[in-house]
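Novice: Structure supplied as upload28.cif; contents: mmCIF, C-alpha atoms and all ligand atoms.
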```cif
data_query
loop_
_atom_site.label_atom_id
_atom_site.label_comp_id
_atom_site.auth_asym_id
_atom_site.auth_seq_id
_atom_site.Cartn_x
_atom_site.Cartn_y
_atom_site.Cartn_z
CA MET A 368 -52.28 -17.83 -19.83
CA GLN A 369 -52.04 -18.17 -23.62
CA LEU A 370 -49.00 -19.69 -25.27
CA SER A 371 -48.08 -16.33 -26.94
CA SER A 372 -48.06 -14.56 -23.54
CA LEU A 373 -45.82 -17.24 -22.11
CA VAL A 374 -43.37 -16.82 -25.04
CA LEU A 375 -43.36 -13.01 -24.56
CA ALA A 376 -42.73 -13.35 -20.83
CA GLY A 377 -39.81 -15.66 -21.63
CA VAL A 378 -38.36 -13.16 -24.13
CA MET A 379 -38.68 -10.32 -21.56
CA LEU A 380 -36.85 -12.38 -18.99
CA VAL A 381 -33.96 -12.93 -21.40
CA ARG A 382 -33.88 -9.41 -22.80
CA PRO A 383 -35.84 -6.51 -21.25
CA PRO A 384 -37.57 -4.19 -23.78
CA TRP A 385 -36.02 -1.02 -22.29
CA PRO A 386 -32.46 0.13 -23.12
CA ILE A 387 -29.86 -1.20 -20.65
CA ALA A 388 -27.96 1.69 -19.01
CA ALA A 389 -24.26 1.65 -19.86
CA GLN A 390 -22.11 0.51 -16.91
CA PRO A 391 -19.17 2.78 -16.03
CA ALA A 392 -15.93 1.32 -17.42
CA GLU A 393 -14.52 0.79 -13.92
CA TYR A 394 -17.08 -1.96 -13.20
CA SER A 395 -15.34 -4.31 -15.61
CA LYS A 396 -12.05 -3.71 -13.78
CA ARG A 397 -13.46 -4.31 -10.30
CA LEU A 398 -11.62 -7.29 -8.81
CA ALA A 399 -13.16 -7.27 -5.34
CA PRO A 400 -16.13 -5.63 -3.61
CA PHE A 401 -15.79 -2.80 -1.10
CA VAL A 402 -15.74 -4.37 2.35
CA PRO A 403 -13.71 -2.24 4.77
CA SER A 404 -11.33 -3.90 7.20
CA PRO A 405 -12.46 -3.19 10.77
CA GLN A 406 -10.25 -0.48 12.27
CA PRO A 407 -8.63 -2.79 14.89
CA ILE A 408 -7.68 -5.14 12.05
CA VAL A 409 -6.17 -2.25 10.05
CA GLU A 410 -3.93 -1.49 13.03
CA LYS A 411 -3.05 -5.18 13.47
CA MET A 412 -2.09 -5.45 9.77
CA LEU A 413 0.25 -2.49 9.97
CA ASP A 414 1.66 -3.78 13.27
CA ALA A 415 2.16 -7.24 11.78
CA ALA A 416 4.07 -5.67 8.85
CA ARG A 417 6.27 -3.81 11.39
CA VAL A 418 5.80 -0.55 9.50
CA LYS A 419 8.50 1.96 10.42
CA PRO A 420 8.34 5.78 10.20
CA GLY A 421 9.14 6.99 6.68
CA GLU A 422 8.45 3.63 5.01
CA LEU A 423 6.25 3.54 1.93
CA VAL A 424 2.99 1.61 2.31
CA TYR A 425 0.64 0.81 -0.58
CA ASP A 426 -2.94 -0.34 -0.13
CA LEU A 427 -4.13 -1.96 -3.35
CA GLY A 428 -7.88 -1.37 -3.46
CA SER A 429 -7.85 1.26 -0.74
CA GLY A 430 -11.62 1.56 -0.18
CA ASP A 431 -12.45 4.51 2.07
CA GLY A 432 -8.76 5.20 2.78
CA ARG A 433 -8.62 3.90 6.35
CA VAL A 434 -5.43 1.85 5.80
CA VAL A 435 -3.41 4.65 4.21
CA ILE A 436 -4.68 7.18 6.75
CA THR A 437 -3.83 4.91 9.70
CA ALA A 438 -0.38 4.17 8.22
CA ALA A 439 0.36 7.90 7.95
CA LYS A 440 -1.29 9.03 11.17
CA HIS A 441 -0.29 6.31 13.62
CA PHE A 442 2.80 4.75 12.03
CA LYS A 443 4.27 7.95 10.49
CA ALA A 444 4.66 6.14 7.18
CA ARG A 445 4.21 7.55 3.69
CA SER A 446 1.24 5.88 2.10
CA VAL A 447 -0.44 5.45 -1.26
CA GLY A 448 -3.86 3.98 -1.90
CA VAL A 449 -5.05 2.82 -5.29
CA GLU A 450 -8.77 2.63 -5.81
CA ILE A 451 -10.99 2.01 -8.83
CA SER A 452 -14.17 3.60 -7.47
CA PRO A 453 -14.24 7.37 -8.08
CA GLU A 454 -16.64 7.89 -5.17
CA LEU A 455 -14.30 6.12 -2.73
CA VAL A 456 -11.31 8.03 -4.12
CA LYS A 457 -13.13 11.32 -3.57
CA SER A 458 -14.23 10.52 -0.02
CA SER A 459 -10.80 9.21 0.99
CA GLN A 460 -9.11 12.31 -0.45
CA GLU A 461 -11.49 14.47 1.57
CA TRP A 462 -10.68 12.44 4.70
CA ILE A 463 -6.93 12.81 4.09
CA LYS A 464 -7.44 16.58 3.78
CA ARG A 465 -9.48 16.77 6.98
CA GLU A 466 -6.68 14.95 8.81
CA GLY A 467 -4.07 17.30 7.29
CA LEU A 468 -2.10 14.33 5.92
CA GLU A 469 -1.70 15.49 2.28
CA GLU A 470 2.10 15.57 2.57
CA GLN A 471 2.36 11.94 3.67
CA CYS A 472 -0.60 10.25 2.16
CA LYS A 473 -2.46 10.08 -1.15
CA VAL A 474 -5.06 8.00 -2.95
CA ILE A 475 -4.90 7.63 -6.69
CA HIS A 476 -7.76 6.70 -8.96
CA GLY A 477 -6.67 3.71 -11.01
CA ASP A 478 -6.42 0.00 -11.53
CA LEU A 479 -4.31 -1.76 -8.91
CA ARG A 480 -2.83 -4.00 -11.63
CA GLU A 481 -1.15 -1.02 -13.24
CA VAL A 482 0.70 0.51 -10.30
CA ASP A 483 4.50 0.48 -10.09
CA LEU A 484 5.35 -1.13 -6.74
CA SER A 485 9.13 -1.14 -7.09
CA ASP A 486 9.56 1.44 -4.30
CA ALA A 487 7.07 -0.16 -1.85
CA ASP A 488 8.21 -1.30 1.59
CA VAL A 489 4.81 -2.72 2.49
CA VAL A 490 1.84 -3.74 0.32
CA ILE A 491 -1.55 -4.33 1.93
CA LEU A 492 -4.14 -6.53 0.23
CA TYR A 493 -7.73 -7.11 1.24
CA LEU A 494 -8.88 -8.62 -2.01
CA LEU A 495 -9.92 -12.12 -3.08
CA THR A 496 -7.79 -15.24 -3.46
CA SER A 497 -8.29 -15.03 -7.25
CA THR A 498 -7.11 -11.39 -7.25
CA ASN A 499 -4.06 -12.27 -5.15
CA GLU A 500 -3.35 -15.03 -7.65
CA LEU A 501 -3.52 -12.52 -10.47
CA LEU A 502 -1.14 -10.16 -8.64
CA ARG A 503 1.39 -12.76 -7.48
CA PRO A 504 3.65 -12.68 -10.60
CA LYS A 505 3.75 -8.86 -10.52
CA LEU A 506 4.63 -8.83 -6.81
CA GLU A 507 7.37 -11.41 -7.36
CA LYS A 508 8.78 -9.44 -10.26
CA THR A 509 8.65 -5.90 -8.92
CA LEU A 510 8.89 -5.88 -5.13
CA LYS A 511 12.30 -5.28 -3.61
CA PRO A 512 13.91 -7.84 -1.28
CA GLY A 513 12.71 -7.31 2.28
CA ALA A 514 9.40 -5.74 1.22
CA ARG A 515 6.44 -7.14 3.14
CA VAL A 516 3.06 -8.10 1.75
CA VAL A 517 0.16 -8.33 4.18
CA ALA A 518 -3.00 -10.13 3.10
CA HIS A 519 -6.21 -9.88 5.11
CA ASP A 520 -8.22 -13.12 5.20
CA PHE A 521 -7.23 -14.31 1.71
CA GLU A 522 -3.87 -16.07 1.50
CA ILE A 523 -1.44 -15.80 -1.38
CA ARG A 524 -1.25 -19.30 -2.74
CA GLU A 525 2.21 -20.88 -3.15
CA TRP A 526 3.82 -18.35 -0.79
CA ASN A 527 4.75 -19.23 2.78
CA PRO A 528 3.76 -16.60 5.32
CA SER A 529 6.47 -15.60 7.78
CA ARG A 530 3.73 -14.80 10.30
CA VAL A 531 0.01 -15.38 10.66
CA VAL A 532 -1.88 -13.25 13.15
CA GLN A 533 -5.47 -13.93 14.12
CA ALA A 534 -7.67 -11.33 15.73
CA GLU A 535 -11.32 -10.92 16.50
CA ALA A 536 -13.33 -7.94 15.29
CA HIS A 537 -16.97 -7.36 14.41
CA GLY A 538 -17.92 -10.79 15.74
CA ARG A 539 -15.52 -12.97 13.80
CA VAL A 540 -11.89 -14.02 13.65
CA HIS A 541 -9.80 -12.32 10.95
CA SER A 542 -6.55 -13.82 9.63
CA ILE A 543 -3.60 -11.66 8.70
CA TYR A 544 -0.88 -13.24 6.57
CA VAL A 545 2.54 -11.56 6.42
CA TYR A 546 4.96 -12.44 3.61
CA GLU A 547 8.51 -11.19 3.19
CA MET A 548 10.11 -10.88 -0.22
CA PRO A 549 13.28 -12.96 -0.39
CA VAL A 550 16.64 -11.83 -1.70
CA ARG A 551 16.72 -12.56 -5.43
CA LYS A 552 19.30 -15.11 -6.58
C1 LIG A 601 -12.34 -5.50 0.32
S1 LIG A 601 -12.14 -3.79 -0.12
C2 LIG A 601 -10.72 -3.35 0.87
C3 LIG A 601 -10.67 -1.88 1.25
C4 LIG A 601 -9.47 -1.50 2.13
N1 LIG A 601 -8.23 -1.96 1.56
C5 LIG A 601 -9.62 -2.05 3.53
O1 LIG A 601 -8.89 -3.03 3.87
O2 LIG A 601 -10.46 -1.52 4.28
C6 LIG A 601 -11.45 -3.94 -1.79
C7 LIG A 601 -11.36 -2.63 -2.56
O3 LIG A 601 -10.70 -2.88 -3.81
C8 LIG A 601 -11.26 -2.00 -4.78
N2 LIG A 601 -10.91 -2.52 -6.12
C9 LIG A 601 -11.45 -3.59 -6.74
N3 LIG A 601 -10.89 -3.77 -7.95
C10 LIG A 601 -9.94 -2.80 -8.09
C11 LIG A 601 -9.02 -2.47 -9.12
N4 LIG A 601 -8.93 -3.18 -10.25
N5 LIG A 601 -8.18 -1.43 -8.92
C12 LIG A 601 -8.25 -0.69 -7.76
N6 LIG A 601 -9.12 -0.94 -6.78
C13 LIG A 601 -9.96 -1.99 -6.92
C14 LIG A 601 -12.73 -2.01 -4.44
O4 LIG A 601 -13.42 -0.92 -5.01
C15 LIG A 601 -12.70 -1.99 -2.91
O5 LIG A 601 -12.73 -0.68 -2.41
#
```
Go through the file and emit its structure as structure tokens.
Ligand SMILES: C[S@@+](CC[C@H](N)C(=O)[O-])C[C@H]1O[C@@H](n2cnc3c(N)ncnc32)[C@H](O)[C@@H]1O
Specialist:
Amino acid sequence: MQLSSLVLAGVMLVRPPWPIAAQPAEYSKRLAPFVPSPQPIVEKMLDAARVKPGELVYDLGSGDGRVVITAAKHFKARSVGVEISPELVKSSQEWIKREGLEEQCKVIHGDLREVDLSDADVVILYLLTSTNELLRPKLEKTLKPGARVVAHDFEIREWNPSRVVQAEAHGRVHSIYVYEMPVRK
């Protein structure tokens, strides 16, 4: 191969000659990939949080809606999911409708960093350690005393869990960390 062809190949590797399609704005806000919690783990998380009927449960990054739907259907809670992907929001809203849970349960399209959590009794997180780290100051500032935060697989650094539950699903052991917000001094 001639030297000029080698240089061209190098330039193409760095910058392709065709226009790069614009990425939807939500990609830059995506803080974790969509990996659904296995259904038995969803139930274990809500059990571990001791969700009571009428309590308000948030799932930050609600994926296909399975956590909010299970909270409403099996725990008789009110539940709110927040999800950045419009496709997942649409499919979870359709699922909620099919289940007839619109009165108890909703999924909003938005960035989980921007949601007001001051009325939450339980917050569910299946995100990354770095995302939990980002959220920690907001949780400390806005959650009411006694609110519970449940983190699937990724701990919240610098917090001490009041309970850790381990359960097997889909061929591996999942860890569920439960934190309780202390009374503010
Ligand atoms: C690991 S999945 C968890 C899904 C669900 N909570 C569960 O346990 O099955 C993380 C979800 O967070 C969503 N997500 C990532 N960044 C987000 C953001 N900034 N705001 C809202 N949702 C986000 C992803 O699209 C994905 O659906």
Novice: What is the distance between atom CA of Trp526 of chain A and atom CA of Leu510 of chain A, in Å to one decimal?
Specialist: 14.1 Å
Novice: Distance limit 6 Å, reference ligand LIG 601 (chain A), atoms considered: only C-alpha atoms and all ligand atoms. Which residues make the cut? Give them as number ranges by chain.
Specialist: A: 396-404, 426, 428-430, 449-452, 477-479, 493-494
Novice: A:Lys464, A:Lys511, A:Arg503, A:His441: which is nearest Ala487 of chain A, counting all atoms listed in the file?
Specialist: A:Lys511
Novice: Place a sphere of radius 9 Å on (-3.2, -14.6, 1.2) in the file coordinates and name every protein, DNA or RNA residue with an atom inside or on its surface, counting all atoms listed in the file; give the answer as an mmCIF file with C-alpha atoms, keeping the file's coordinate frame.
Specialist:
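See out-v2.cif below for the written result:
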```cif
data_model
loop_
_atom_site.group_PDB
_atom_site.id
_atom_site.type_symbol
_atom_site.label_atom_id
_atom_site.label_comp_id
_atom_site.auth_asym_id
_atom_site.auth_seq_id
_atom_site.Cartn_x
_atom_site.Cartn_y
_atom_site.Cartn_z
ATOM 1 C CA LEU A 492 -4.140 -6.530 0.230
ATOM 2 C CA TYR A 493 -7.730 -7.110 1.240
ATOM 3 C CA LEU A 494 -8.880 -8.620 -2.010
ATOM 4 C CA LEU A 495 -9.920 -12.120 -3.080
ATOM 5 C CA THR A 496 -7.790 -15.240 -3.460
ATOM 6 C CA ASN A 499 -4.060 -12.270 -5.150
ATOM 7 C CA GLU A 500 -3.350 -15.030 -7.650
ATOM 8 C CA VAL A 517 0.160 -8.330 4.180
ATOM 9 C CA ALA A 518 -3.000 -10.130 3.100
ATOM 10 C CA HIS A 519 -6.210 -9.880 5.110
ATOM 11 C CA ASP A 520 -8.220 -13.120 5.200
ATOM 12 C CA PHE A 521 -7.230 -14.310 1.710
ATOM 13 C CA GLU A 522 -3.870 -16.070 1.500
ATOM 14 C CA ILE A 523 -1.440 -15.800 -1.380
ATOM 15 C CA ARG A 524 -1.250 -19.300 -2.740
ATOM 16 C CA TRP A 526 3.820 -18.350 -0.790
ATOM 17 C CA PRO A 528 3.760 -16.600 5.320
ATOM 18 C CA ILE A 543 -3.600 -11.660 8.700
ATOM 19 C CA TYR A 544 -0.880 -13.240 6.570
ATOM 20 C CA VAL A 545 2.540 -11.560 6.420
ATOM 21 C CA TYR A 546 4.960 -12.440 3.610
#
```
Novice: What does the structure give for the distance between atom CA of Glu470 of chain A and atom CA of Leu427 of chain A, in Å to one decimal?
Specialist: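 Those two atoms sit 19.5 Å apart.
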Novice: Using only C-alpha atoms, which of A:Thr437, A:Glu410, A:Arg445, A:Gly432 sits nearest Gln460 of chain A?
Specialist: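 Of A:Thr437, A:Glu410, A:Arg445, A:Gly432, the one nearest Gln460 of chain A is A:Gly432, counting only C-alpha atoms.
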Novice: Expressed in Å to a single decimal, how great is the separation between atom CA of Glu535 of chain A and atom CA of Gln406 of chain A?
Specialist: 11.3 Å
Novice: Counting all atoms listed in the file, which residue out of A:Pro405, A:Ser485, A:Ala514, A:Ser395 sits closest to His537 of chain A?
Specialist: A:Pro405
Novice: For Glu547 of chain A, work out the shell of residues within 8 Å, counting only C-alpha atoms and skipping chain neighbours fewer than 6 positions away, then give it as a list in words.
Specialist: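 Contacts, in chain order: Pro512, Gly513, Ala514, Arg515, Val516, Pro528 and Ser529 of chain A.
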Novice: Determine the nearest neighbour of Gln471 of chain A from the options A:Leu502, A:Val489, A:Ala439, A:Met548, counting only C-alpha atoms.
Specialist: A:Ala439
Novice: Here is a test: counting all atoms listed in the file, which residue of A:Arg480, A:Ile491, A:Ile436, A:His541 is nearest to Leu468 of chain A?
Specialist: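 Between A:Arg480, A:Ile491, A:Ile436, A:His541, the residue approaching Leu468 of chain A most closely is A:Ile436.
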